[in-house]
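Chemist: Contents are CSV, C-alpha atoms; file name upload-v8.csv:
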```csv
chain,number,residue,atom,x,y,z
A,1,MET,CA,5.7,36.4,2.0
A,2,ASN,CA,4.0,33.9,4.3
A,3,ASP,CA,7.3,33.4,6.1
A,4,MET,CA,7.6,37.1,7.0
A,5,LEU,CA,6.3,38.5,10.3
A,6,ARG,CA,5.9,41.8,8.5
A,7,ALA,CA,6.4,42.0,4.7
A,8,PRO,CA,7.7,45.4,3.4
A,9,ALA,CA,5.4,47.3,1.1
A,10,GLU,CA,7.1,46.2,-2.1
A,11,VAL,CA,6.5,42.6,-1.2
A,12,LYS,CA,3.0,43.1,0.3
A,13,TYR,CA,1.8,44.9,-2.8
A,14,ALA,CA,4.1,43.3,-5.4
A,15,GLU,CA,1.3,42.2,-7.7
A,16,GLU,CA,-0.3,45.6,-7.6
A,17,LEU,CA,3.0,47.4,-8.3
A,18,ASP,CA,3.7,45.0,-11.2
A,19,TRP,CA,0.4,45.9,-12.7
A,20,LEU,CA,0.8,49.6,-12.3
A,21,GLU,CA,4.2,49.4,-13.9
A,22,SER,CA,2.8,47.5,-16.8
A,23,ILE,CA,0.2,50.2,-17.6
A,24,ASP,CA,2.4,53.2,-16.7
A,25,ASP,CA,3.2,55.4,-19.7
A,26,GLY,CA,4.0,58.5,-17.9
A,27,PRO,CA,7.5,60.1,-17.8
A,28,LYS,CA,9.7,58.7,-15.0
A,29,PRO,CA,12.5,60.6,-13.4
A,30,PHE,CA,15.9,58.9,-13.3
A,31,SER,CA,15.6,55.2,-12.4
A,32,TRP,CA,12.1,55.4,-11.0
A,33,ARG,CA,10.0,52.3,-11.4
A,34,LEU,CA,6.8,54.3,-11.6
A,35,SER,CA,5.9,57.8,-12.8
A,36,PRO,CA,5.1,60.5,-10.2
A,37,LYS,CA,1.3,60.2,-11.0
A,38,MET,CA,1.4,56.4,-10.5
A,39,VAL,CA,3.3,56.8,-7.3
A,40,ARG,CA,0.6,59.1,-6.0
A,41,LEU,CA,-2.1,56.7,-7.2
A,42,PHE,CA,-0.3,53.8,-5.4
A,43,VAL,CA,-0.2,55.7,-2.1
A,44,LEU,CA,-3.6,57.4,-2.2
A,45,GLY,CA,-5.6,54.8,-4.1
A,46,ALA,CA,-7.4,55.0,-7.4
A,47,GLU,CA,-10.5,57.1,-8.0
A,48,ARG,CA,-13.3,56.5,-10.6
A,49,ALA,CA,-11.9,59.4,-12.7
A,50,ASP,CA,-8.6,57.5,-13.1
A,51,GLY,CA,-10.4,55.0,-15.4
A,52,LEU,CA,-8.4,51.9,-14.3
A,53,ASP,CA,-9.6,48.3,-14.9
A,54,ARG,CA,-9.1,47.3,-11.3
A,55,PRO,CA,-9.3,49.0,-7.9
A,56,VAL,CA,-6.2,50.3,-6.2
A,57,ALA,CA,-6.7,50.7,-2.4
A,58,GLN,CA,-5.8,53.8,-0.5
A,59,LYS,CA,-2.8,52.9,1.8
A,60,TRP,CA,-2.0,56.3,3.4
A,61,PHE,CA,-4.7,58.6,4.7
A,62,GLY,CA,-3.8,62.3,4.7
A,63,ASP,CA,-3.8,65.4,2.7
A,64,ARG,CA,-3.2,64.8,-1.1
A,65,SER,CA,-0.8,67.9,-1.1
A,66,PHE,CA,1.6,66.3,1.4
A,67,VAL,CA,2.0,63.2,-0.9
A,68,GLU,CA,2.5,65.3,-4.0
A,69,ARG,CA,5.0,67.6,-2.4
A,70,SER,CA,6.9,64.6,-1.1
A,71,ILE,CA,7.0,63.0,-4.6
A,72,VAL,CA,8.2,66.3,-6.2
A,73,THR,CA,10.9,66.7,-3.6
A,74,LEU,CA,12.2,63.2,-4.4
A,75,ALA,CA,12.4,64.0,-8.1
A,76,SER,CA,14.7,66.9,-7.2
A,77,ASP,CA,18.2,67.1,-5.7
A,78,ARG,CA,16.9,67.7,-2.2
A,79,GLY,CA,16.2,65.2,0.5
A,80,LEU,CA,12.8,64.8,2.0
A,81,LEU,CA,12.1,65.2,5.7
A,82,LEU,CA,8.8,64.1,7.1
A,83,ILE,CA,8.2,65.6,10.5
A,84,GLY,CA,5.3,65.2,12.9
A,85,ASP,CA,4.0,63.8,16.1
A,86,PRO,CA,4.4,60.1,16.9
A,87,GLY,CA,1.9,57.9,15.1
A,88,THR,CA,1.1,60.2,12.3
A,89,GLY,CA,2.2,57.8,9.6
A,90,LYS,CA,5.5,59.3,8.7
A,91,SER,CA,7.4,56.0,8.5
A,92,TRP,CA,4.5,54.3,6.6
A,93,LEU,CA,4.4,57.1,4.0
A,94,ALA,CA,8.2,56.9,3.6
A,95,GLU,CA,8.0,53.1,3.1
A,96,LEU,CA,5.2,53.4,0.5
A,97,LEU,CA,7.1,56.1,-1.4
A,98,ALA,CA,10.3,54.1,-1.4
A,99,ALA,CA,8.5,50.9,-2.5
A,100,ALA,CA,6.7,52.7,-5.4
A,101,ILE,CA,9.8,54.5,-6.6
A,102,SER,CA,12.5,52.0,-6.1
A,103,ARG,CA,10.7,48.7,-5.3
A,104,ASN,CA,12.9,48.6,-2.2
A,105,SER,CA,12.0,50.2,1.1
A,106,THR,CA,14.4,48.3,3.3
A,107,LEU,CA,17.5,50.4,2.9
A,108,VAL,CA,17.0,52.0,6.3
A,109,VAL,CA,19.1,53.5,9.0
A,110,GLN,CA,17.4,53.7,12.4
A,111,GLY,CA,18.5,56.9,14.2
A,112,THR,CA,19.4,56.6,17.9
A,113,ALA,CA,21.8,58.1,20.3
A,114,GLY,CA,24.1,55.3,19.5
A,115,THR,CA,24.1,55.8,15.7
A,116,THR,CA,27.6,56.5,14.4
A,117,GLU,CA,29.0,57.9,11.1
A,118,ASP,CA,29.8,54.3,10.1
A,119,HIS,CA,26.0,53.5,10.1
A,120,ILE,CA,25.5,56.0,7.3
A,121,LYS,CA,28.7,55.5,5.4
A,122,TYR,CA,30.6,52.2,5.7
A,123,SER,CA,32.4,49.9,8.0
A,124,TRP,CA,34.8,47.0,7.6
A,125,ASN,CA,34.7,43.2,7.8
A,126,VAL,CA,37.3,42.8,10.6
A,127,SER,CA,38.2,39.2,9.8
A,128,GLN,CA,38.8,40.0,6.1
A,129,VAL,CA,40.8,43.1,7.0
A,130,ILE,CA,43.0,41.0,9.3
A,131,ALA,CA,43.5,38.3,6.6
A,132,LYS,CA,43.8,40.5,3.4
A,133,GLY,CA,43.9,44.1,4.5
A,134,GLN,CA,41.5,46.9,3.7
A,135,SER,CA,40.1,46.4,0.2
A,136,PRO,CA,36.8,46.8,-1.7
A,137,GLU,CA,35.9,43.2,-0.8
A,138,SER,CA,36.2,43.9,3.0
A,139,LEU,CA,34.1,47.0,2.9
A,140,ILE,CA,30.6,46.8,4.3
A,141,PRO,CA,28.5,49.6,2.8
A,142,SER,CA,25.7,51.2,4.9
A,143,PRO,CA,22.1,51.1,3.7
A,144,ILE,CA,22.6,54.8,2.6
A,145,MET,CA,25.7,53.9,0.6
A,146,THR,CA,24.0,51.0,-1.0
A,147,ALA,CA,21.1,53.3,-2.0
A,148,MET,CA,23.7,55.7,-3.6
A,149,GLN,CA,25.3,52.9,-5.6
A,150,ARG,CA,22.0,51.6,-6.9
A,151,GLY,CA,20.4,55.0,-7.5
A,152,VAL,CA,17.4,54.3,-5.3
A,153,ILE,CA,15.8,55.7,-2.2
A,154,GLY,CA,17.5,55.4,1.2
A,155,ARG,CA,15.6,56.0,4.5
A,156,PHE,CA,16.7,57.6,7.7
A,157,GLU,CA,14.4,57.1,10.7
A,158,GLU,CA,14.3,59.5,13.7
A,159,LEU,CA,17.0,61.8,12.4
A,160,THR,CA,16.9,64.2,15.3
A,161,ARG,CA,17.8,61.4,17.7
A,162,THR,CA,21.3,61.2,16.2
A,163,THR,CA,24.2,63.3,17.3
A,164,SER,CA,25.5,66.4,15.5
A,165,ASP,CA,28.5,64.4,14.2
A,166,VAL,CA,26.2,61.9,12.4
A,167,GLN,CA,24.1,64.7,11.0
A,168,ASP,CA,27.2,66.6,9.7
A,169,ALA,CA,28.2,63.4,7.9
A,170,LEU,CA,24.8,63.4,6.2
A,171,ILE,CA,25.3,67.0,4.9
A,172,SER,CA,28.2,65.9,2.6
A,173,ILE,CA,26.1,63.0,1.2
A,174,LEU,CA,23.2,65.3,0.4
A,175,SER,CA,25.2,68.1,-1.0
A,176,GLU,CA,28.2,66.4,-2.8
A,177,LYS,CA,26.4,63.2,-3.6
A,178,TYR,CA,29.4,61.0,-2.9
A,179,VAL,CA,31.2,59.3,-0.1
A,180,SER,CA,35.0,59.2,0.1
A,181,ILE,CA,36.8,56.1,1.3
A,182,PRO,CA,40.3,57.5,2.3
A,183,GLU,CA,41.5,54.0,3.4
A,184,LEU,CA,41.3,52.9,-0.2
A,185,ALA,CA,42.7,56.1,-1.8
A,186,GLY,CA,46.0,55.9,-3.7
A,187,ASP,CA,47.9,58.7,-5.4
A,188,THR,CA,45.0,59.3,-7.8
A,189,VAL,CA,41.2,59.2,-7.5
A,190,ASP,CA,39.8,55.9,-8.6
A,191,SER,CA,36.5,54.0,-8.5
A,192,ASN,CA,37.5,52.3,-5.3
A,193,SER,CA,38.2,55.4,-3.2
A,194,ILE,CA,35.0,57.3,-3.9
A,195,VAL,CA,31.4,56.1,-4.2
A,196,PHE,CA,29.3,58.4,-6.3
A,197,ALA,CA,25.5,58.5,-6.1
A,198,GLN,CA,23.7,57.2,-9.2
A,199,PRO,CA,20.8,59.1,-10.7
A,200,GLY,CA,17.6,58.4,-8.7
A,201,PHE,CA,19.3,58.4,-5.3
A,202,SER,CA,17.6,60.4,-2.6
A,203,ILE,CA,16.9,60.2,1.2
A,204,ILE,CA,13.6,60.2,3.0
A,205,ALA,CA,14.2,61.1,6.6
A,206,THR,CA,11.7,61.2,9.5
A,207,ALA,CA,11.8,63.3,12.6
A,208,ASN,CA,9.5,63.3,15.7
A,209,SER,CA,8.3,66.9,16.5
A,210,ARG,CA,8.3,65.9,20.2
A,211,ASP,CA,12.1,65.4,20.0
A,212,ARG,CA,12.7,69.1,19.2
A,213,GLY,CA,15.6,70.1,21.4
A,214,VAL,CA,17.1,66.7,21.6
A,215,ASN,CA,19.5,67.1,18.7
A,216,ASP,CA,18.3,70.0,16.6
A,217,LEU,CA,19.2,70.0,12.9
A,218,SER,CA,21.8,72.5,11.9
A,219,SER,CA,20.9,75.2,9.4
A,220,ALA,CA,23.2,73.6,6.9
A,221,LEU,CA,21.3,70.2,7.1
A,222,LYS,CA,17.9,71.9,7.0
A,223,ARG,CA,18.8,73.6,3.8
A,224,ARG,CA,19.4,70.2,2.1
A,225,PHE,CA,15.9,68.9,3.0
A,226,ASN,CA,12.4,69.9,1.9
A,227,PHE,CA,10.2,69.7,5.0
A,228,VAL,CA,6.8,68.1,4.9
A,229,ARG,CA,4.9,68.4,8.2
A,230,ILE,CA,2.4,65.6,8.8
A,231,PRO,CA,-0.3,66.7,11.2
A,232,VAL,CA,-2.2,64.5,13.6
A,233,VAL,CA,-5.4,63.3,12.0
A,234,THR,CA,-8.3,65.0,13.8
A,235,ASN,CA,-11.0,64.5,11.2
A,236,LYS,CA,-13.2,61.8,12.6
A,237,LYS,CA,-14.2,60.4,9.2
A,238,SER,CA,-10.6,60.2,8.0
A,239,GLU,CA,-9.4,58.6,11.3
A,240,ALA,CA,-12.2,56.0,11.1
A,241,GLU,CA,-11.1,55.1,7.6
A,242,ILE,CA,-7.5,54.6,8.8
A,243,VAL,CA,-8.5,52.5,11.8
A,244,ARG,CA,-10.8,50.3,9.6
A,245,PHE,CA,-8.1,49.8,7.0
A,246,ARG,CA,-5.5,48.8,9.6
A,247,THR,CA,-8.0,46.6,11.5
A,248,VAL,CA,-8.7,44.6,8.3
A,249,GLU,CA,-5.0,44.2,7.8
A,250,LEU,CA,-4.3,43.0,11.3
A,251,LEU,CA,-7.2,40.5,11.3
A,252,ARG,CA,-5.9,39.1,8.0
A,253,ARG,CA,-2.3,38.9,9.4
A,254,HIS,CA,-3.4,37.1,12.6
A,255,GLU,CA,-5.9,35.0,10.6
A,256,ILE,CA,-8.7,36.0,12.9
A,257,GLU,CA,-12.3,36.0,11.9
A,258,LEU,CA,-13.9,38.6,14.2
A,259,ASP,CA,-16.4,41.4,13.6
A,260,VAL,CA,-15.6,44.9,15.0
A,261,PRO,CA,-19.0,46.4,15.8
A,262,PRO,CA,-19.2,50.0,14.4
A,263,THR,CA,-20.6,51.2,17.7
A,264,LEU,CA,-17.3,50.1,19.4
A,265,LEU,CA,-15.2,51.8,16.8
A,266,ASP,CA,-17.3,55.0,17.4
A,267,ILE,CA,-16.6,54.7,21.2
A,268,LEU,CA,-12.9,54.3,20.5
A,269,LEU,CA,-12.8,57.3,18.2
A,270,GLN,CA,-14.9,59.4,20.6
A,271,SER,CA,-12.7,58.5,23.6
A,272,PHE,CA,-9.5,59.6,21.9
A,273,ALA,CA,-11.2,62.8,20.7
A,274,ASP,CA,-12.3,63.5,24.3
A,275,LEU,CA,-8.8,62.8,25.7
A,276,ARG,CA,-7.2,65.0,23.1
A,277,ALA,CA,-9.5,67.9,24.0
A,278,ALA,CA,-8.7,67.4,27.6
A,279,ALA,CA,-4.9,67.5,26.8
A,280,ALA,CA,-5.4,70.6,24.7
A,281,SER,CA,-7.0,72.4,27.7
A,282,ALA,CA,-4.5,71.2,30.3
A,283,THR,CA,-2.3,73.8,31.9
A,284,SER,CA,0.6,71.5,32.8
A,285,ASP,CA,2.3,68.3,31.6
A,286,ASP,CA,1.0,66.4,34.7
A,287,GLU,CA,-2.5,67.0,33.4
A,288,LYS,CA,-1.7,65.4,30.0
A,289,LEU,CA,-1.4,61.7,29.2
A,290,GLU,CA,2.1,60.7,28.3
A,291,SER,CA,0.6,59.1,25.2
A,292,SER,CA,0.5,61.2,22.0
A,293,LEU,CA,-3.1,60.0,21.5
A,294,SER,CA,-2.3,59.4,17.8
A,295,THR,CA,-4.2,57.3,15.3
A,296,ALA,CA,-1.5,54.7,15.7
A,297,GLU,CA,-2.2,54.5,19.4
A,298,GLN,CA,-5.9,53.8,18.6
A,299,ILE,CA,-4.9,51.0,16.3
A,300,GLY,CA,-2.7,49.5,19.0
A,301,VAL,CA,-5.6,49.7,21.5
A,302,LEU,CA,-7.9,48.0,19.1
A,303,GLU,CA,-5.4,45.3,18.2
A,304,ASP,CA,-4.8,44.5,21.9
A,305,ALA,CA,-8.6,44.2,22.5
A,306,ILE,CA,-9.0,42.0,19.4
A,307,LEU,CA,-6.2,39.6,20.4
A,308,HIS,CA,-7.5,39.4,24.0
A,309,SER,CA,-10.9,38.6,22.7
A,310,GLN,CA,-9.5,35.9,20.4
A,311,PHE,CA,-7.3,34.2,23.0
A,312,PHE,CA,-9.0,34.8,26.3
A,313,GLY,CA,-12.6,35.7,25.4
A,314,ASP,CA,-15.4,34.2,23.4
A,315,ARG,CA,-14.0,35.5,20.1
A,316,SER,CA,-16.3,38.5,20.0
A,317,LEU,CA,-15.2,42.0,20.8
A,318,ARG,CA,-16.9,43.5,23.8
A,319,SER,CA,-16.9,47.1,25.1
A,320,GLU,CA,-15.5,45.9,28.5
A,321,THR,CA,-12.5,44.4,26.7
A,322,LEU,CA,-11.9,47.6,24.6
A,323,ALA,CA,-12.0,49.7,27.8
A,324,ARG,CA,-9.5,47.5,29.6
A,325,SER,CA,-7.2,47.7,26.6
A,326,LEU,CA,-7.5,51.4,26.3
A,327,VAL,CA,-6.6,51.9,30.0
A,328,GLY,CA,-3.8,49.4,29.9
A,329,SER,CA,-2.3,51.0,26.8
A,330,LEU,CA,-2.5,54.7,27.9
A,331,ALA,CA,-1.7,54.4,31.6
A,332,ARG,CA,2.0,54.6,31.3
A,333,ARG,CA,2.8,56.8,34.3
A,334,SER,CA,1.5,56.0,37.8
A,335,PRO,CA,-0.2,57.8,39.4
A,336,GLU,CA,-0.4,60.7,36.9
A,337,ASP,CA,-2.0,58.9,33.9
A,338,LEU,CA,-4.3,56.8,36.0
A,339,ALA,CA,-5.6,60.0,37.7
A,340,ILE,CA,-6.3,61.5,34.3
A,341,LEU,CA,-8.1,58.4,33.0
A,342,ASN,CA,-10.0,58.1,36.3
A,343,LYS,CA,-11.2,61.7,35.9
A,344,TYR,CA,-12.2,61.0,32.3
A,345,TRP,CA,-14.1,57.9,33.2
A,346,HIS,CA,-16.0,59.5,36.1
A,347,GLY,CA,-16.6,62.9,34.4
A,348,THR,CA,-17.4,61.8,30.8
A,349,VAL,CA,-17.8,58.1,30.3
A,350,GLU,CA,-20.2,57.8,33.2
A,351,LYS,CA,-22.4,60.6,31.8
A,352,ARG,CA,-22.4,59.0,28.3
A,353,SER,CA,-23.4,55.6,29.8
A,354,LYS,CA,-26.4,57.2,31.4
A,355,SER,CA,-27.5,59.3,28.4
A,356,ASP,CA,-26.5,56.9,25.5
A,357,ALA,CA,-26.5,53.6,27.4
A,358,GLY,CA,-25.7,50.7,25.0
A,359,GLU,CA,-22.1,49.8,24.7
A,360,TRP,CA,-21.0,52.8,26.8
A,361,THR,CA,-22.3,51.0,29.9
A,362,GLY,CA,-19.9,48.0,29.4
A,363,PHE,CA,-17.2,50.5,28.5
A,364,LEU,CA,-17.7,52.3,31.8
A,365,GLU,CA,-17.5,49.1,33.8
A,366,GLY,CA,-14.5,47.7,32.0
A,367,GLY,CA,-12.6,51.0,32.4
A,368,ARG,CA,-13.4,51.3,36.1
A,369,GLU,CA,-12.2,47.7,36.7
A,370,ALA,CA,-8.9,48.3,34.8
A,371,ILE,CA,-8.2,51.6,36.7
A,372,ALA,CA,-8.9,49.9,40.0
A,373,THR,CA,-6.6,47.0,39.2
A,374,LEU,CA,-3.7,49.3,38.2
A,375,SER,CA,-4.1,51.8,41.0
```
If you convert what's in this file into structure tokens, what do you get?

Modeler:
Amino acid sequence: MNDMLRAPAEVKYAEELDWLESIDDGPKPFSWRLSPKMVRLFVLGAERADGLDRPVAQKWFGDRSFVERSIVTLASDRGLLLIGDPGTGKSWLAELLAAAISRNSTLVVQGTAGTTEDHIKYSWNVSQVIAKGQSPESLIPSPIMTAMQRGVIGRFEELTRTTSDVQDALISILSEKYVSIPELAGDTVDSNSIVFAQPGFSIIATANSRDRGVNDLSSALKRRFNFVRIPVVTNKKSEAEIVRFRTVELLRRHEIELDVPPTLLDILLQSFADLRAAAASATSDDEKLESSLSTAEQIGVLEDAILHSQFFGDRSLRSETLARSLVGSLARRSPEDLAILNKYWHGTVEKRSKSDAGEWTGFLEGGREAIATLS
């Protein structure tokens, strides 16, 4: 694990998953490694009422019903589609579910405009085909086909970014639960020409709600998924918990010893709340930041500020550094985004620096400096 830039959930939490598996006496669907109740507990963390001998940390922060509906879907014959704005934790929830159910979250297809049918079915090892012809040994299964063969969870990221041909190929996998390999077919159906999904196979797909209209899902494909919509976290307490949780993780990963003052975390949360409110009241796209202003964006801003403080500061996080990181991260369009941020700094941050003083004063100056530099 120390040699991985980012360990998958099943490696990162291997010891915890082993322990949960050892005490799990609940019924398990198909080839699941944990029962549905234990999967939920792994994702959402243990409560005192669970009566466990050790703590289990909460790893995904959101409505309990979303997690339960996702787990129930994966125990059925239908695929699971997690849909929501960027940065709402769709991919992280998919990874945690796959890790808990299958102990493998790495069977992933990343959807793009360049994704082809081969990426979700199979391709061929060209050198072996030239040498020996098309055979089972020269076949290269896709992550989805591998998941089918093993009876585990396969993942499909950004489904709506793929073309209709790719989406149509997924329909047969979800409905028929097998993939035909006509190149290996003889006069009769045999084990080489068809790969049948084993019990326990399912697909967790994610889709960005902002991509609606790029490659809309067909009605046929929609019918084969249960939809779970993941909303943007707007509850300040929940969002603070997420940011704290991820901050502890990134400090540990970078091996940095640095305190994040609660007052600066409050300023970050309040700034994003203010900017979201301004975006909600905007009458045109030019009056909205291009950023989704998600919780993930906040974590990115905080990570940038922490690393800057570690490498180029005095190893203490300051409000000026946080402001510069926020402006630098959110000012993606020039001059539109800079104009929006400049209006916010003069109209809101300046008022808060006068009424609340404290860290808001440094935040004001740092933001002004960053906006002037980028303008």

Chemist: If you measure from CA of Ser375 in chain A to CA of Leu269 in chain A, what distance in Å do you get, rounded to one decimal?

Modeler: 25.0 Å

Chemist: Using Å and a single decimal, report how far CA of Ala372 in chain A sits from CA of Ala277 in chain A.

Modeler: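 Taking CA of Ala277 in chain A as the start and CA of Ala372 in chain A as the end point, the length is 24.1 Å.
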
Chemist: Residues at most 9 Å from Tyr178 in chain A, counting all atoms listed in the file, excluding those fewer than 5 positions away in the same chain, as an MDAnalysis selection string?

Modeler: chainID A and resid 145 148 172:173 194:197

Chemist: Near Ser218 in chain A, counting only C-alpha atoms, which residues have an atom at most 10 Å away, once you skip same-chain residues fewer than 3 positions from it, shown as a list of chain:residue names?

Modeler: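 Those residues are A:Ser164, A:Gln167, A:Asp168, A:Ile171, A:Asn215, A:Leu221, A:Lys222, A:Arg223.
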
Chemist: I need the residues from that last selection saved to file as a JSON list (two decimals), in the frame of the given file (with C-alpha atoms), if you can.

Modeler:
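Wrote again_39.json, looks like this:
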```json
[["chain", "number", "residue", "atom", "x", "y", "z"],
["A", 164, "SER", "CA", 25.50, 66.40, 15.50],
["A", 167, "GLN", "CA", 24.10, 64.70, 11.00],
["A", 168, "ASP", "CA", 27.20, 66.60, 9.70],
["A", 171, "ILE", "CA", 25.30, 67.00, 4.90],
["A", 215, "ASN", "CA", 19.50, 67.10, 18.70],
["A", 221, "LEU", "CA", 21.30, 70.20, 7.10],
["A", 222, "LYS", "CA", 17.90, 71.90, 7.00],
["A", 223, "ARG", "CA", 18.80, 73.60, 3.80]]
```

Chemist: Would you kindly return, as a PyMOL selection string, each protein, DNA or RNA residue with an atom no farther than 8 Å from any atom of range 282-290 of chain A, considering only C-alpha atoms and excluding same-chain residues fewer than 2 positions away?

Modeler: chain A and resi 278-280+292+330-333+336-337+340

Chemist: Nearest to Pro182 in chain A: which of A:Gln134, A:Leu264, A:Ile256, A:Glu365 is it, counting all atoms listed in the file?

Modeler: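 Closest to Pro182 in chain A of all the choices is A:Gln134.
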
Chemist: How many Å separate CA of Trp124 in chain A from CA of Ile153 in chain A?

Modeler: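 Separation between CA of Trp124 in chain A and CA of Ile153 in chain A: 23.1 Å.
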
Chemist: Would you list the contacts of range 94-106 of chain A as a ChimeraX atom specification, taking every protein, DNA or RNA residue within 10 Å and counting all atoms listed in the file, but skipping same-chain residues closer than 3 positions in sequence?

Modeler: /A:8-14,17-18,20-21,28-29,31-36,38-43,59-60,67,70-71,74-75,80-82,89-91,109,143,147,150-157,200-206

Chemist: With all atoms listed in the file as the atoms that count, which of A:Leu139, A:Ala273, A:Leu268, A:Ile371 lies nearest to Arg318 in chain A?

Modeler: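 Closest to Arg318 in chain A, using all atoms listed in the file: A:Leu268.
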
Chemist: With all atoms listed in the file as the basis for distance, which of A:Val232, A:Ile83, A:Ile267, A:Val349 is at the shortest distance from Glu158 in chain A?

Modeler: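 Looking at the shortest contact to Glu158 in chain A, the residue is A:Ile83.
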
Chemist: Tell me which of A:Leu184, A:Val166, A:Ser138, A:Asp25 sits closest to Glu117 in chain A, counting only C-alpha atoms.

Modeler: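 The answer is A:Val166, which sits nearest to Glu117 in chain A.
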
Chemist: For Glu297 in chain A, which of A:Thr88, A:Gln310, A:Gln149, A:Asn125 is the closest residue, counting all atoms listed in the file?

Modeler: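 Of A:Thr88, A:Gln310, A:Gln149, A:Asn125, the one nearest Glu297 in chain A is A:Thr88, counting all atoms listed in the file.
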
Chemist: Smallest atom-to-atom distance to Val72 in chain A: which of A:Ser291, A:Ser209, A:Asn226, A:Ser334, using only C-alpha atoms?

Modeler: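 Smallest distance to Val72 in chain A is found for A:Asn226.
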
Chemist: Tell me, as a list in words, which residues lie within 12 Å of Ile140 in chain A, counting all atoms listed in the file; anything in the same chain fewer than 6 positions away does not count.

Modeler: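 Those residues are Asp118, His119, Ile120, Lys121, Tyr122, Ser123, Trp124, Asn125, Val126, Gln128, Val129, Gln134, Thr146 and Ile181 of chain A.
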